[in-house]
Every structure is written in structure tokens, then in C-alpha cells.
Amino acid sequence: MAKWNVEDNGTQYEIEYKRSLGGGKIIVNGSVQKVKSQNAFLNLVDFPIRLTNKAVNVVVIGNKADLAVDGVYLGSNQPYVPVAKVPGWSWAFVVVSLVIGLLFSGIFGVCIGILGSMFYVKSSLSMHQSTNRRIISCLIVFLIISIVQVVFGITVNQWLRNL
């Protein structure tokens, strides 16, 4: 759960995000709006709220929620980037990490792949790094995660054969 207070034209707004399966609820001054994740594997929400004079977006990537007010995230002071603009290369990392995890280590590998996926999406939306630097950091994390998934899978298979 995440909660923020925003003032617009002298009116206080209490904005909350509560996670649930497949999305969550956004509550603005008691008014509830259900939202769905934009991705089947990763909780990904970008919900616009129009106040009197302020543009507000509740953005959720994985387990982390932040509120963008007038183009700036309150939690990180970074510029707001719409989640719909996640680059294709980031989704390639997500898919390959999940597939490698499933093939080599089953559910454990998928869980590790989901953690990596949160990093790939969040990193790809980061505006304080160049695109090349974002791709390289995702590639490094991808390699580490893939090694963990493969080693875990091989170790478990050898252990099961010895039983």
C-alpha cells in the first residue's frame, strides 16, 4: 500500500494505491477505482488522475508505487515517463529471463526472472542515464540472473538424480 497527499487549488487530495491480484485499487478521497496490470507477468500500472489544475499519475512497477505530479515523481524526483513507452528491448529482456528461468529452474527461475523484469522495466524508464548505459546495465543484470537460474537448475537436477 502506498499513500500520498496532494494539494491543488487549496483542496487536499488523499491518494492511495492498494495492490491486489492482477492490478489494484486507487483511492482518491475515498472514491475507489480498480486498475489492471498492463502486463501478465509483472505488475505494471500507469493510472492518470485529473485534479483541478494538476496532472497526477499513479505508477506501479512490480511492488513499487510512486506518484507523478506535474511530470515529476514524488518519491524519486525523477521526470515522469509513461509506462506505455517502455522500450521493446526491455520487453525482450523480460521474456528471455522468464523463459530461461522456466526452462532451467521452474517456478524458482520464474520468480528470479520476475525480479529481473522489474529491474529491466524500471531501468528502461530511467531518464537520468543514456540509452546505451541502460541497455548495458540490463544486460549485466540479465547475465547474472541467467547464471543463477541455470546453476540452480543444474544443481537441483543433480541433487534429484542422487536421491
# chains A, B, ... in the order shown; residues from 1 in each chain; ligands from 1
>>> residues_around(residues="range 80-97 of chain A", least_positions_apart="5", cutoff="6 Å", atoms="only C-alpha atoms", output="list in words")
Gly71, Val72, Tyr73, Gly113, Ser117, Tyr120 and Val121 of chain A
>>> select_by_dssp(residues="chain A", states="helix (DSSP H, G or I)", output="PyMOL selection string")
chain A and resi 83-85+88-124+131-161
>>> write_last_selection(atoms="C-alpha atoms", output="PDB file, in the first residue's frame")
ATOM      1  CA  VAL A  83       4.803   3.239 -18.712  1.00  0.00           C
ATOM      2  CA  ALA A  84       3.367   2.740 -22.195  1.00  0.00           C
ATOM      3  CA  LYS A  85       6.710   3.982 -23.511  1.00  0.00           C
ATOM      4  CA  GLY A  88      10.933  -3.020 -26.867  1.00  0.00           C
ATOM      5  CA  TRP A  89      14.451  -4.039 -25.835  1.00  0.00           C
ATOM      6  CA  SER A  90      13.297  -4.052 -22.215  1.00  0.00           C
ATOM      7  CA  TRP A  91      10.458  -6.451 -23.040  1.00  0.00           C
ATOM      8  CA  ALA A  92      12.965  -8.703 -24.830  1.00  0.00           C
ATOM      9  CA  PHE A  93      14.979  -8.964 -21.592  1.00  0.00           C
ATOM     10  CA  VAL A  94      11.766  -9.711 -19.672  1.00  0.00           C
ATOM     11  CA  VAL A  95      10.640 -12.511 -21.997  1.00  0.00           C
ATOM     12  CA  VAL A  96      14.055 -14.170 -22.262  1.00  0.00           C
ATOM     13  CA  SER A  97      14.600 -14.036 -18.469  1.00  0.00           C
ATOM     14  CA  LEU A  98      11.237 -15.659 -17.815  1.00  0.00           C
ATOM     15  CA  VAL A  99      11.742 -18.345 -20.464  1.00  0.00           C
ATOM     16  CA  ILE A 100      15.260 -19.209 -19.259  1.00  0.00           C
ATOM     17  CA  GLY A 101      14.001 -19.320 -15.687  1.00  0.00           C
ATOM     18  CA  LEU A 102      11.108 -21.621 -16.573  1.00  0.00           C
ATOM     19  CA  LEU A 103      13.221 -23.961 -18.696  1.00  0.00           C
ATOM     20  CA  PHE A 104      16.149 -24.318 -16.311  1.00  0.00           C
ATOM     21  CA  SER A 105      14.751 -23.879 -12.800  1.00  0.00           C
ATOM     22  CA  GLY A 106      10.964 -23.981 -12.894  1.00  0.00           C
ATOM     23  CA  ILE A 107       8.997 -21.738 -10.581  1.00  0.00           C
ATOM     24  CA  PHE A 108      12.108 -20.559  -8.726  1.00  0.00           C
ATOM     25  CA  GLY A 109      13.621 -19.424 -12.033  1.00  0.00           C
ATOM     26  CA  VAL A 110      10.434 -17.615 -12.990  1.00  0.00           C
ATOM     27  CA  CYS A 111      10.458 -15.787  -9.629  1.00  0.00           C
ATOM     28  CA  ILE A 112      14.065 -14.714 -10.207  1.00  0.00           C
ATOM     29  CA  GLY A 113      13.080 -13.684 -13.747  1.00  0.00           C
ATOM     30  CA  ILE A 114      10.248 -11.553 -12.387  1.00  0.00           C
ATOM     31  CA  LEU A 115      12.652  -9.752 -10.053  1.00  0.00           C
ATOM     32  CA  GLY A 116      14.931  -9.094 -13.006  1.00  0.00           C
ATOM     33  CA  SER A 117      11.956  -7.959 -15.072  1.00  0.00           C
ATOM     34  CA  MET A 118      11.148  -5.269 -12.535  1.00  0.00           C
ATOM     35  CA  PHE A 119      14.727  -4.024 -12.876  1.00  0.00           C
ATOM     36  CA  TYR A 120      14.617  -4.071 -16.704  1.00  0.00           C
ATOM     37  CA  VAL A 121      11.389  -2.075 -16.915  1.00  0.00           C
ATOM     38  CA  LYS A 122      12.374   0.416 -14.208  1.00  0.00           C
ATOM     39  CA  SER A 123      15.830   0.876 -15.692  1.00  0.00           C
ATOM     40  CA  SER A 124      14.494   1.333 -19.227  1.00  0.00           C
ATOM     41  CA  THR A 131      20.031   4.532 -23.570  1.00  0.00           C
ATOM     42  CA  ASN A 132      23.338   2.696 -24.039  1.00  0.00           C
ATOM     43  CA  ARG A 133      24.028   2.768 -20.310  1.00  0.00           C
ATOM     44  CA  ARG A 134      20.514   1.476 -19.556  1.00  0.00           C
ATOM     45  CA  ILE A 135      20.915  -1.393 -22.016  1.00  0.00           C
ATOM     46  CA  ILE A 136      24.335  -2.310 -20.613  1.00  0.00           C
ATOM     47  CA  SER A 137      23.078  -2.299 -17.011  1.00  0.00           C
ATOM     48  CA  CYS A 138      20.131  -4.508 -18.043  1.00  0.00           C
ATOM     49  CA  LEU A 139      22.493  -6.831 -19.897  1.00  0.00           C
ATOM     50  CA  ILE A 140      24.718  -7.194 -16.820  1.00  0.00           C
ATOM     51  CA  VAL A 141      21.721  -7.959 -14.588  1.00  0.00           C
ATOM     52  CA  PHE A 142      20.380 -10.347 -17.244  1.00  0.00           C
ATOM     53  CA  LEU A 143      23.660 -12.275 -17.330  1.00  0.00           C
ATOM     54  CA  ILE A 144      23.792 -12.542 -13.526  1.00  0.00           C
ATOM     55  CA  ILE A 145      20.169 -13.677 -13.309  1.00  0.00           C
ATOM     56  CA  SER A 146      20.615 -16.189 -16.138  1.00  0.00           C
ATOM     57  CA  ILE A 147      23.694 -17.688 -14.456  1.00  0.00           C
ATOM     58  CA  VAL A 148      21.793 -18.027 -11.161  1.00  0.00           C
ATOM     59  CA  GLN A 149      18.828 -19.638 -12.940  1.00  0.00           C
ATOM     60  CA  VAL A 150      20.982 -22.124 -14.869  1.00  0.00           C
ATOM     61  CA  VAL A 151      23.249 -23.032 -11.927  1.00  0.00           C
ATOM     62  CA  PHE A 152      20.256 -23.501  -9.638  1.00  0.00           C
ATOM     63  CA  GLY A 153      18.529 -25.683 -12.235  1.00  0.00           C
ATOM     64  CA  ILE A 154      21.601 -27.858 -12.798  1.00  0.00           C
ATOM     65  CA  THR A 155      22.243 -28.186  -9.053  1.00  0.00           C
ATOM     66  CA  VAL A 156      18.662 -29.215  -8.313  1.00  0.00           C
ATOM     67  CA  ASN A 157      18.657 -31.734 -11.191  1.00  0.00           C
ATOM     68  CA  GLN A 158      21.894 -33.319  -9.953  1.00  0.00           C
ATOM     69  CA  TRP A 159      20.563 -33.440  -6.415  1.00  0.00           C
ATOM     70  CA  LEU A 160      17.349 -35.142  -7.599  1.00  0.00           C
ATOM     71  CA  ARG A 161      19.317 -37.736  -9.592  1.00  0.00           C
TER      72      ARG A 161
END
>>> closest_atom_pairs(of="range 6-26 of chain A", to="range 40-44 of chain A", cutoff="12 Å", atoms="only C-alpha atoms", output="JSON lines")
{"residue": "A:Arg19", "atom": "CA", "partner": "A:Asn43", "partner_atom": "CA", "distance": 9.1}
{"residue": "A:Ser20", "atom": "CA", "partner": "A:Asn43", "partner_atom": "CA", "distance": 9.7}
{"residue": "A:Leu21", "atom": "CA", "partner": "A:Asn43", "partner_atom": "CA", "distance": 8.9}
{"residue": "A:Gly22", "atom": "CA", "partner": "A:Asn43", "partner_atom": "CA", "distance": 6.9}
{"residue": "A:Gly23", "atom": "CA", "partner": "A:Asn43", "partner_atom": "CA", "distance": 6.4}
{"residue": "A:Gly24", "atom": "CA", "partner": "A:Asn43", "partner_atom": "CA", "distance": 9.1}
